[in-house]
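Participant: Contents are CSV, C-alpha atoms; file name run03.csv:
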```
chain,number,residue,atom,x,y,z
L,14,MET,CA,3.7,14.5,24.8
L,15,ILE,CA,0.5,12.6,25.2
L,16,ILE,CA,-0.6,11.4,21.7
L,17,VAL,CA,-4.2,10.7,21.0
L,18,PRO,CA,-5.9,10.0,17.6
L,19,LYS,CA,-7.1,13.2,15.9
L,20,ILE,CA,-9.4,12.3,13.0
L,21,ARG,CA,-10.8,14.8,10.5
L,22,ASN,CA,-12.8,13.9,7.4
L,23,ASN,CA,-11.8,10.2,7.7
L,24,THR,CA,-8.2,11.2,8.0
L,25,CYS,CA,-6.0,10.7,11.1
L,26,ILE,CA,-3.4,13.5,11.5
L,27,THR,CA,-1.6,11.9,14.5
L,28,SER,CA,0.2,8.6,15.0
L,29,HIS,CA,1.7,6.8,18.0
L,30,PRO,CA,5.3,5.5,17.8
L,31,SER,CA,4.8,2.7,20.3
L,32,GLY,CA,1.5,1.6,18.7
L,33,CYS,CA,3.1,1.6,15.2
L,34,GLU,CA,5.9,-0.5,16.6
L,35,VAL,CA,3.4,-3.0,17.9
L,36,ASN,CA,1.7,-3.0,14.5
L,37,VAL,CA,4.9,-3.8,12.8
L,38,GLN,CA,5.9,-6.5,15.3
L,39,LYS,CA,2.5,-8.3,14.9
L,40,GLN,CA,3.1,-8.4,11.1
L,41,ILE,CA,6.6,-9.7,11.7
L,42,ASP,CA,5.3,-12.4,14.0
L,43,TYR,CA,2.9,-13.5,11.3
L,44,ALA,CA,5.6,-13.6,8.7
L,45,ARG,CA,7.9,-15.6,10.9
L,46,GLN,CA,5.4,-18.5,10.7
L,47,TRP,CA,6.7,-19.3,7.2
L,48,LYS,CA,10.3,-20.0,6.2
L,49,LEU,CA,10.2,-19.1,2.5
L,50,PRO,CA,12.9,-20.3,0.0
L,51,GLN,CA,15.7,-17.7,-0.1
L,52,ARG,CA,15.3,-17.1,-3.8
L,53,PHE,CA,15.5,-13.3,-3.5
L,54,LYS,CA,18.7,-11.9,-1.8
L,55,ASN,CA,18.2,-8.2,-2.4
L,56,VAL,CA,14.8,-6.6,-2.4
L,57,LEU,CA,14.0,-3.0,-3.2
L,58,VAL,CA,10.6,-1.7,-2.0
L,59,ILE,CA,9.4,1.7,-3.3
L,60,GLY,CA,6.7,2.9,-0.9
L,61,ALA,CA,7.9,0.7,1.9
L,62,SER,CA,6.5,2.4,5.0
L,63,THR,CA,2.8,1.4,5.2
L,64,GLY,CA,0.2,-0.9,3.8
L,65,TYR,CA,1.1,-3.4,1.1
L,66,GLY,CA,4.6,-2.0,0.7
L,67,LEU,CA,5.5,-2.5,4.4
L,68,ALA,CA,3.9,-6.0,4.4
L,69,SER,CA,6.0,-6.9,1.3
L,70,ARG,CA,9.2,-5.7,3.0
L,71,ILE,CA,8.3,-7.7,6.1
L,72,VAL,CA,7.7,-10.9,4.3
L,73,ALA,CA,10.8,-10.6,2.2
L,74,ALA,CA,13.0,-10.0,5.2
L,75,PHE,CA,11.5,-12.1,8.0
L,76,SER,CA,10.2,-15.0,5.9
L,77,GLY,CA,12.7,-15.0,3.1
L,78,ARG,CA,15.7,-13.5,5.0
L,79,ALA,CA,16.4,-11.1,2.2
L,80,ALA,CA,18.3,-7.8,2.5
L,81,THR,CA,15.9,-4.9,1.9
L,82,LEU,CA,16.1,-1.3,0.9
L,83,GLY,CA,12.9,0.6,1.6
L,84,VAL,CA,12.2,4.0,0.0
L,85,ALA,CA,9.5,6.2,1.5
L,86,TYR,CA,8.8,9.8,2.1
L,87,GLU,CA,7.6,10.3,5.7
L,88,ARG,CA,7.6,13.1,8.2
L,89,PRO,CA,9.7,12.7,11.3
L,90,GLY,CA,8.5,13.8,14.7
L,91,LYS,CA,9.3,17.2,16.1
L,92,GLU,CA,9.3,18.6,19.6
L,93,LYS,CA,5.6,19.4,19.6
L,94,THR,CA,4.3,17.3,16.7
L,95,CYS,CA,4.4,13.6,16.1
L,96,GLY,CA,5.7,12.0,13.0
L,97,THR,CA,3.7,10.0,10.4
L,98,ALA,CA,2.9,6.4,10.9
L,99,GLY,CA,5.2,5.4,8.1
L,100,TRP,CA,8.1,7.1,9.8
L,101,TYR,CA,7.6,5.0,13.0
L,102,ASN,CA,6.9,1.9,11.0
L,103,SER,CA,10.3,2.3,9.3
L,104,LEU,CA,12.0,2.8,12.6
L,105,ALA,CA,10.4,-0.3,14.0
L,106,PHE,CA,11.3,-2.4,10.9
L,107,GLN,CA,14.9,-1.3,11.2
L,108,LYS,CA,15.0,-2.2,14.9
L,109,TYR,CA,13.7,-5.7,14.5
L,110,ALA,CA,15.8,-6.4,11.4
L,111,ARG,CA,18.9,-5.3,13.2
L,112,GLN,CA,18.0,-7.6,16.1
L,113,GLU,CA,18.0,-10.6,13.7
L,114,ASN,CA,21.0,-9.5,11.7
L,115,ILE,CA,18.9,-9.0,8.6
L,116,PRO,CA,20.5,-6.3,6.3
L,117,ALA,CA,18.0,-3.4,6.1
L,118,PHE,CA,18.4,0.1,4.7
L,119,THR,CA,15.9,2.9,4.5
L,120,ILE,CA,15.9,6.1,2.5
L,121,ASN,CA,13.5,8.7,3.6
L,122,ALA,CA,13.1,10.8,0.4
L,123,ASP,CA,10.7,11.5,-2.5
L,124,ALA,CA,10.9,8.4,-4.7
L,125,PHE,CA,9.8,10.4,-7.7
L,126,LEU,CA,13.0,12.5,-7.7
L,127,THR,CA,16.1,11.6,-9.8
L,128,GLU,CA,18.3,12.4,-6.8
L,129,THR,CA,16.5,9.7,-4.7
L,130,LYS,CA,17.1,7.1,-7.4
L,131,GLU,CA,20.8,8.1,-7.6
L,132,GLN,CA,21.0,7.8,-3.8
L,133,ALA,CA,19.4,4.4,-3.9
L,134,ILE,CA,21.8,3.2,-6.6
L,135,GLU,CA,24.8,4.4,-4.7
L,136,LEU,CA,23.6,2.6,-1.5
L,137,ILE,CA,22.9,-0.6,-3.4
L,138,GLN,CA,26.3,-0.6,-5.1
L,139,ARG,CA,28.0,0.1,-1.7
L,140,SER,CA,26.1,-2.1,0.7
L,141,MET,CA,23.9,-4.7,-1.2
L,142,GLY,CA,24.1,-6.4,-4.6
L,143,LYS,CA,22.1,-6.6,-7.7
L,144,ILE,CA,18.3,-6.3,-7.1
L,145,ASP,CA,16.4,-9.5,-7.8
L,146,LEU,CA,13.0,-8.3,-6.6
L,147,LEU,CA,11.5,-4.8,-6.9
L,148,ILE,CA,8.1,-4.0,-5.3
L,149,TYR,CA,6.5,-0.8,-6.4
L,150,SER,CA,3.8,0.3,-3.9
L,151,LEU,CA,3.9,4.1,-4.1
L,152,ALA,CA,0.8,6.1,-3.3
L,153,ALA,CA,1.1,9.9,-3.2
L,154,PRO,CA,-1.1,12.9,-3.7
L,155,GLY,CA,1.4,14.6,-6.0
L,156,ARG,CA,4.5,14.0,-8.1
L,157,HIS,CA,7.2,16.3,-9.3
L,158,ASP,CA,8.4,15.1,-12.6
L,159,PRO,CA,12.1,15.7,-12.9
L,160,GLN,CA,12.1,15.3,-16.6
L,161,SER,CA,9.5,18.0,-17.4
L,162,GLY,CA,10.0,20.1,-14.2
L,163,LYS,CA,6.2,20.0,-13.7
L,164,THR,CA,4.3,19.0,-10.5
L,165,TYR,CA,1.2,16.9,-11.0
L,166,TYR,CA,-1.6,16.2,-8.5
L,167,SER,CA,-4.0,13.3,-8.4
L,168,ALA,CA,-7.8,13.6,-8.2
L,169,ILE,CA,-10.2,11.0,-7.0
L,170,LYS,CA,-13.1,11.6,-9.4
L,171,PRO,CA,-15.5,9.9,-11.8
L,172,ILE,CA,-15.0,10.3,-15.5
L,173,GLY,CA,-17.7,11.6,-17.9
L,174,ARG,CA,-20.4,12.6,-15.5
L,175,SER,CA,-20.9,13.6,-11.9
L,176,ILE,CA,-21.8,10.8,-9.6
L,177,ALA,CA,-23.7,10.5,-6.3
L,178,THR,CA,-23.1,7.4,-4.2
L,179,LYS,CA,-23.7,6.1,-0.7
L,180,SER,CA,-20.8,6.9,1.6
L,181,LEU,CA,-19.9,6.4,5.2
L,182,ASP,CA,-18.5,8.8,7.8
L,183,PHE,CA,-17.1,5.9,9.9
L,184,MET,CA,-16.4,8.1,13.0
L,185,SER,CA,-20.0,9.4,13.3
L,186,GLU,CA,-21.3,6.1,11.8
L,187,GLU,CA,-23.6,7.9,9.4
L,188,VAL,CA,-24.5,6.7,5.9
L,189,THR,CA,-24.8,9.7,3.6
L,190,LEU,CA,-25.1,10.5,-0.1
L,191,GLN,CA,-21.9,11.9,-1.5
L,192,SER,CA,-21.8,13.7,-4.8
L,193,VAL,CA,-18.5,14.3,-6.8
L,194,GLU,CA,-18.1,16.2,-10.0
L,195,ALA,CA,-16.6,14.6,-13.1
L,196,ALA,CA,-12.9,15.0,-13.6
L,197,THR,CA,-11.5,17.3,-16.2
L,198,ASP,CA,-9.2,16.0,-18.9
L,199,GLU,CA,-6.3,17.7,-17.1
L,200,GLN,CA,-7.2,16.0,-13.8
L,201,ILE,CA,-7.3,12.6,-15.5
L,202,MET,CA,-3.9,13.3,-17.0
L,203,HIS,CA,-2.5,14.4,-13.7
L,204,THR,CA,-3.7,11.3,-11.9
L,205,VAL,CA,-2.1,9.0,-14.5
L,206,LYS,CA,1.1,10.9,-14.1
L,207,VAL,CA,1.1,10.5,-10.3
L,208,MET,CA,-0.3,7.0,-9.9
L,209,GLY,CA,0.4,5.3,-13.2
L,210,GLY,CA,3.4,3.3,-14.2
L,211,GLU,CA,5.8,6.1,-15.5
L,212,ASP,CA,7.9,6.3,-12.3
L,213,TRP,CA,8.0,2.5,-11.9
L,214,GLU,CA,9.5,2.3,-15.4
L,215,LEU,CA,12.0,5.0,-14.5
L,216,TRP,CA,13.2,3.0,-11.5
L,217,ILE,CA,13.7,-0.1,-13.6
L,218,LYS,CA,15.6,1.8,-16.3
L,219,ALA,CA,17.8,3.6,-13.8
L,220,LEU,CA,18.8,0.3,-12.1
L,221,GLU,CA,19.4,-1.3,-15.5
L,222,LYS,CA,21.6,1.6,-16.6
L,223,ALA,CA,23.6,1.1,-13.4
L,224,SER,CA,23.8,-2.7,-14.1
L,225,LEU,CA,22.0,-3.4,-10.8
L,226,LEU,CA,19.2,-5.7,-12.2
L,227,ALA,CA,20.0,-9.4,-11.3
L,228,GLU,CA,19.4,-12.2,-13.8
L,229,GLY,CA,15.8,-13.4,-13.3
L,230,ILE,CA,14.7,-10.0,-11.7
L,231,HIS,CA,11.0,-9.9,-10.7
L,232,THR,CA,9.1,-6.7,-10.3
L,233,ILE,CA,5.5,-6.2,-9.1
L,234,ALA,CA,3.3,-3.2,-8.7
L,235,PHE,CA,-0.1,-3.2,-6.9
L,236,SER,CA,-3.4,-2.5,-8.6
L,237,TYR,CA,-7.1,-2.7,-7.8
L,238,ILE,CA,-10.3,-3.5,-9.6
L,239,GLY,CA,-12.9,-4.0,-7.0
L,240,SER,CA,-16.7,-4.3,-7.1
L,241,GLU,CA,-19.2,-2.7,-9.5
L,242,LEU,CA,-20.3,-0.7,-6.5
L,243,THR,CA,-17.1,1.3,-6.6
L,244,TYR,CA,-16.4,1.4,-10.3
L,245,ALA,CA,-17.6,5.0,-10.8
L,246,PHE,CA,-14.9,6.3,-8.4
L,247,TYR,CA,-12.3,3.6,-8.9
L,248,ARG,CA,-12.0,1.4,-12.0
L,249,HIS,CA,-14.0,3.7,-14.2
L,250,GLY,CA,-12.7,6.9,-12.6
L,251,THR,CA,-9.4,8.7,-12.6
L,252,LEU,CA,-7.8,6.1,-10.3
L,253,GLY,CA,-8.8,3.4,-12.8
L,254,ARG,CA,-7.1,5.2,-15.6
L,255,ALA,CA,-3.9,5.3,-13.6
L,256,LYS,CA,-4.2,1.6,-12.8
L,257,GLU,CA,-4.7,0.8,-16.5
L,258,HIS,CA,-1.5,2.7,-17.2
L,259,LEU,CA,0.2,0.8,-14.5
L,260,GLU,CA,-0.9,-2.5,-16.0
L,261,GLN,CA,0.2,-1.4,-19.5
L,262,THR,CA,3.6,-0.5,-18.0
L,263,ALA,CA,3.8,-4.0,-16.5
L,264,GLN,CA,3.4,-5.6,-20.0
L,265,LYS,CA,6.0,-3.2,-21.3
L,266,LEU,CA,8.5,-4.0,-18.5
L,267,ASP,CA,7.8,-7.7,-18.8
L,268,HIS,CA,8.9,-7.6,-22.4
L,269,PHE,CA,12.0,-5.5,-21.5
L,270,LEU,CA,13.1,-7.9,-18.7
L,271,CYS,CA,12.5,-11.1,-20.5
L,272,ALA,CA,16.0,-10.9,-22.0
L,273,MET,CA,17.5,-11.4,-18.6
L,274,GLY,CA,15.0,-14.0,-17.5
L,275,GLY,CA,12.9,-11.5,-15.6
L,276,ARG,CA,9.2,-10.8,-15.2
L,277,ALA,CA,7.0,-7.8,-14.4
L,278,TYR,CA,3.5,-8.1,-13.0
L,279,THR,CA,0.7,-6.1,-11.5
L,280,SER,CA,-0.9,-7.8,-8.5
L,281,VAL,CA,-4.6,-6.9,-8.2
L,282,ASN,CA,-5.3,-7.0,-4.5
L,283,LYS,CA,-8.4,-6.9,-2.3
L,284,ALA,CA,-9.8,-3.8,-0.6
L,285,VAL,CA,-8.1,-3.1,2.7
L,286,VAL,CA,-8.0,-0.1,5.1
L,287,THR,CA,-5.3,2.4,4.2
L,288,ARG,CA,-4.9,6.2,4.4
L,289,ALA,CA,-6.1,6.4,0.8
L,290,SER,CA,-9.0,4.0,0.9
L,291,ALA,CA,-10.5,5.8,3.9
L,292,VAL,CA,-11.2,8.9,1.8
L,293,ILE,CA,-12.2,7.5,-1.5
L,294,PRO,CA,-16.0,8.1,-1.9
L,295,GLY,CA,-18.0,5.0,-1.2
L,296,VAL,CA,-15.1,2.8,-0.3
L,297,PRO,CA,-15.3,2.9,3.5
L,298,LEU,CA,-18.9,1.8,3.3
L,299,TYR,CA,-18.2,-0.9,0.7
L,300,ALA,CA,-15.2,-2.1,2.7
L,301,SER,CA,-17.2,-2.3,6.0
L,302,ILE,CA,-19.8,-4.4,4.3
L,303,LEU,CA,-17.2,-6.5,2.6
L,304,TYR,CA,-15.3,-7.1,5.9
L,305,LYS,CA,-18.5,-8.4,7.5
L,306,VAL,CA,-19.3,-10.7,4.6
L,307,MET,CA,-15.8,-12.1,4.3
L,308,LYS,CA,-15.3,-12.5,8.0
L,309,ASP,CA,-18.6,-14.4,8.3
L,310,LYS,CA,-17.3,-16.7,5.6
L,311,GLY,CA,-13.9,-17.1,7.2
L,312,ILE,CA,-12.0,-15.7,4.2
L,313,HIS,CA,-11.0,-12.2,5.3
L,314,GLU,CA,-7.4,-11.1,4.7
L,315,GLY,CA,-5.5,-8.1,5.6
L,316,CYS,CA,-2.3,-6.7,4.0
L,317,ILE,CA,0.1,-9.2,5.6
L,318,GLU,CA,-2.0,-12.2,4.7
L,319,GLN,CA,-2.4,-11.0,1.1
L,320,ILE,CA,1.3,-10.5,0.7
L,321,MET,CA,2.2,-13.8,2.2
L,322,ARG,CA,-0.1,-15.4,-0.4
L,323,LEU,CA,1.5,-13.3,-3.1
L,324,PHE,CA,5.0,-14.7,-2.2
L,325,LYS,CA,4.0,-18.3,-1.6
L,326,ASP,CA,1.6,-18.8,-4.6
L,327,PHE,CA,2.9,-16.4,-7.2
L,328,ILE,CA,6.3,-14.8,-6.8
L,329,LEU,CA,8.0,-18.0,-5.7
L,330,SER,CA,6.1,-20.2,-8.2
L,331,ASP,CA,7.8,-21.3,-11.4
L,332,ASN,CA,4.4,-21.2,-13.2
L,333,PRO,CA,2.1,-18.6,-11.5
L,334,LEU,CA,-1.5,-18.6,-12.4
L,335,LEU,CA,-2.4,-15.3,-14.1
L,336,ASP,CA,-5.6,-13.9,-15.6
L,337,ALA,CA,-6.1,-13.2,-19.3
L,338,GLU,CA,-4.4,-9.8,-19.0
L,339,GLY,CA,-1.3,-11.4,-17.3
L,340,ARG,CA,-2.2,-10.1,-13.9
L,341,ILE,CA,-1.9,-11.7,-10.5
L,342,ARG,CA,-5.3,-11.9,-8.9
L,343,LEU,CA,-5.2,-11.7,-5.1
L,344,ASP,CA,-8.8,-10.2,-5.2
L,345,ASP,CA,-10.2,-13.7,-6.0
L,346,LEU,CA,-11.9,-14.1,-2.7
L,347,GLU,CA,-13.3,-10.5,-2.6
L,348,LEU,CA,-14.8,-11.0,-6.1
L,349,ARG,CA,-16.2,-14.4,-5.5
L,350,LYS,CA,-19.7,-14.6,-6.8
L,351,ASP,CA,-21.4,-15.4,-3.5
L,352,VAL,CA,-19.4,-12.6,-1.7
L,353,GLN,CA,-20.3,-9.9,-4.2
L,354,ALA,CA,-24.0,-11.0,-4.4
L,355,GLN,CA,-24.3,-10.6,-0.7
L,356,VAL,CA,-22.4,-7.3,-0.6
L,357,LYS,CA,-24.6,-5.9,-3.3
L,358,GLN,CA,-27.8,-7.0,-1.6
L,359,ILE,CA,-26.7,-5.3,1.7
L,360,TRP,CA,-25.6,-2.1,-0.2
L,361,GLN,CA,-29.2,-1.6,-1.4
L,362,GLN,CA,-30.6,-2.0,2.1
L,363,ILE,CA,-28.1,-0.3,4.3
L,364,THR,CA,-28.9,2.9,6.2
L,365,THR,CA,-27.5,4.7,9.3
L,366,LYS,CA,-30.1,2.8,11.4
L,367,ASN,CA,-29.1,-0.7,10.3
L,368,LEU,CA,-25.5,0.0,9.6
L,369,ASN,CA,-23.9,-2.0,12.4
L,370,HIS,CA,-26.2,-5.0,11.7
L,371,PHE,CA,-25.1,-5.2,8.0
L,372,ALA,CA,-21.5,-3.9,8.1
L,373,ASP,CA,-18.4,-4.4,10.2
L,374,VAL,CA,-17.9,-0.7,11.0
L,375,ALA,CA,-16.2,-1.6,14.3
L,376,GLY,CA,-13.7,-3.7,12.4
L,377,PHE,CA,-13.0,-1.0,9.9
L,378,LYS,CA,-12.5,1.6,12.6
L,379,THR,CA,-10.2,-0.8,14.5
L,380,GLU,CA,-8.0,-1.3,11.5
L,381,PHE,CA,-8.0,2.4,10.7
L,382,HIS,CA,-6.9,3.3,14.2
L,383,ARG,CA,-4.2,0.6,14.2
L,384,PHE,CA,-2.9,1.8,10.9
L,385,PHE,CA,-1.8,4.9,12.9
L,386,GLY,CA,-0.7,3.0,16.0
L,387,PHE,CA,-3.8,3.3,18.1
L,388,GLY,CA,-6.0,0.7,19.7
L,389,PHE,CA,-3.4,-1.8,20.9
L,390,SER,CA,-3.9,-3.2,24.3
L,391,GLU,CA,-0.1,-3.6,24.7
L,392,VAL,CA,0.3,0.2,24.6
L,393,ASP,CA,-0.3,2.6,27.5
L,394,TYR,CA,-1.6,5.6,25.7
L,395,SER,CA,-1.4,7.8,28.8
L,396,ASP,CA,2.4,7.6,28.7
L,397,ASP,CA,4.2,10.9,28.1
L,398,ILE,CA,6.3,10.2,25.0
L,399,ASN,CA,9.8,11.5,25.1
L,400,ALA,CA,10.2,14.1,22.3
L,401,GLN,CA,13.7,12.8,21.6
L,402,HIS,CA,12.2,9.5,20.5
L,403,LEU,CA,10.2,11.4,17.9
L,404,THR,CA,13.3,12.9,16.2
L,405,ARG,CA,15.5,9.8,15.7
L,406,VAL,CA,16.9,9.6,12.2
L,407,ILE,CA,16.3,6.6,10.1
L,408,THR,CA,19.5,4.7,9.3
L,409,VAL,CA,20.5,5.1,5.6
```
Turn this file's structure into C-alpha cells for me.

Facilitator:
Amino acid sequence: MIIVPKIRNNTCITSHPSGCEVNVQKQIDYARQWKLPQRFKNVLVIGASTGYGLASRIVAAFSGRAATLGVAYERPGKEKTCGTAGWYNSLAFQKYARQENIPAFTINADAFLTETKEQAIELIQRSMGKIDLLIYSLAAPGRHDPQSGKTYYSAIKPIGRSIATKSLDFMSEEVTLQSVEAATDEQIMHTVKVMGGEDWELWIKALEKASLLAEGIHTIAFSYIGSELTYAFYRHGTLGRAKEHLEQTAQKLDHFLCAMGGRAYTSVNKAVVTRASAVIPGVPLYASILYKVMKDKGIHEGCIEQIMRLFKDFILSDNPLLDAEGRIRLDDLELRKDVQAQVKQIWQQITTKNLNHFADVAGFKTEFHRFFGFGFSEVDYSDDINAQHLTRVITV
C-alpha cells in the first residue's frame, strides 16, 4: 500500500505509520532533554493518542520516567485502508517505552463508556499502582452517556446569532467569508455533554471508588480561551460553553480532592494545529497569522513545548502561579498584548493575495501534514507499506 495524504475540507483521511513514528520519536527526543523529578509514578492519560494528550504522556514517561496508561479510541489499519494517526502514535509510543523499560499500557476503547473505565481500573490494579496524575485530553465528535443511554453530538457554532467570519482553506490558500448559523439550545446542551467536564468527573469518581487515587493526586484538563477574533466560534460559542463547564468541574474536583492533598486544574493552552482546530471556522486563518507573529518574535511553541512548560512550571511546582479563576495559563505568550495587537492588525488587512506575506500558511500546512505522519524527510513515502504492519494490535 502506497499511502499519500488525502485532504478534504481541511480534514486528512489518511495517515502514514512510519511518519507518525517519526513524529512521536521527535517529541520523545525533545522530552529526553529534561530529567524531571520523579514525583509521579503512575500517570493516566485520557485521550492519549494525539496532540496535548500524547505530548503529556511523552513528557511523563520520557522526562519523568513514570509508568503510563493511555486511553484512546482509534481505528487500526486494515488490508486496504490505513489506520488513524492516533493508532500509529500509540504503537510508536509503546515501542520506544518498551526499548527503555518504561512501563506503558494502552487501551484502545471509547473512554466515555463504563466498560472502558472498568477495564482501566482492572489493569491499574493488576499492573500499576495508585494513580498520582490524571491528564484529561479527550476530544470527540460524540459521546454515548452510559447513565442516560443517550448519545450526544457536539456542534461548533456561535450562540445567539449567526456569524460570518474570515476563514482559510489552507490547501487552496484562499481567504473566504464563512457563515455559520447560531446553535440551538439542544446543540449547546449536546456540546457541553460531549466536551464539558462530566466524563472527567466520572473517571475521578470511578478511580476513587476503587481506591486508586494516590495521596496528593493531581488532575488536569485542557481548555482554551484564545483571541477576540475567534470568540464568536470558540469562547462565546458552543465550545466555550463546554470549556466553561470543564473549568467549573475543575473547581468541583479540586474541592473533592483536597481531602487527600490533591489538586484539580484546567490548563488554558495556546492555539496549535490539531484535527479539531483545522475545521473550526476562522481558526486556521487565525493560527496561521499567530504562527508568523510568534515565530518572528521567537516565542512560538507547539504541543510538546507547551506540555514541558506545564510540567516544569506548574505540575511540579509547590506553588504554581494561577489566574483569578484558578486556571493554569499556558496561553500567556499567545495573548501577550504586542502579539494580539499585531495579529488583529493583520486580520483586518489579510486577503488571498497577501496571505503568504502576512501569515505562516506554509508552517500551518507543514504541522497539519506532520500531524498525520506526512512531510518528514526521514520517510520514503514511495515505500509499499506491508498491510500486516497496519493490523498490529496495541498491547493492553

Participant: Work out how far apart atom CA of Thr243 of chain L and atom CA of Gly210 of chain L are and give it in Å to one decimal.

Facilitator: 22.0 Å

Participant: Which residue is closest to Thr81 of chain L? Choose from L:Asn55, L:Ser28, L:Gln107, L:Gln132 and count all atoms listed in the file.

Facilitator: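 For Thr81 of chain L, the nearest of the given residues is L:Asn55.
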
Participant: Between L:Asp182, L:Glu135, L:Glu380, L:Asp393, single out the one closest to Val286 of chain L, counting all atoms listed in the file.

Facilitator: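 The closest residue to Val286 of chain L is L:Glu380.
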
Participant: Would you list the contacts of His231 of chain L as a PyMOL selection string, taking every protein, DNA or RNA residue within 12 Å and counting only C-alpha atoms, but skipping same-chain residues closer than 6 positions in sequence?

Facilitator: chain L and resi 52-58+143-149+217+263+266-267+269-271+273-279+324+327-331

Participant: Looking at L:Ala168, L:Ala79, L:Val188, L:Ile230, which one is nearest to Lys366 of chain L, with distances taken over only C-alpha atoms?

Facilitator: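 That would be L:Val188, the residue with the smallest distance to Lys366 of chain L.
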
Participant: Could you name the residues that touch Glu187 of chain L at 9 Å or less, counting all atoms listed in the file, but leaving out those on the same chain fewer than 5 positions away, as a PyMOL selection string?

Facilitator: chain L and resi 180-182+364-366+368
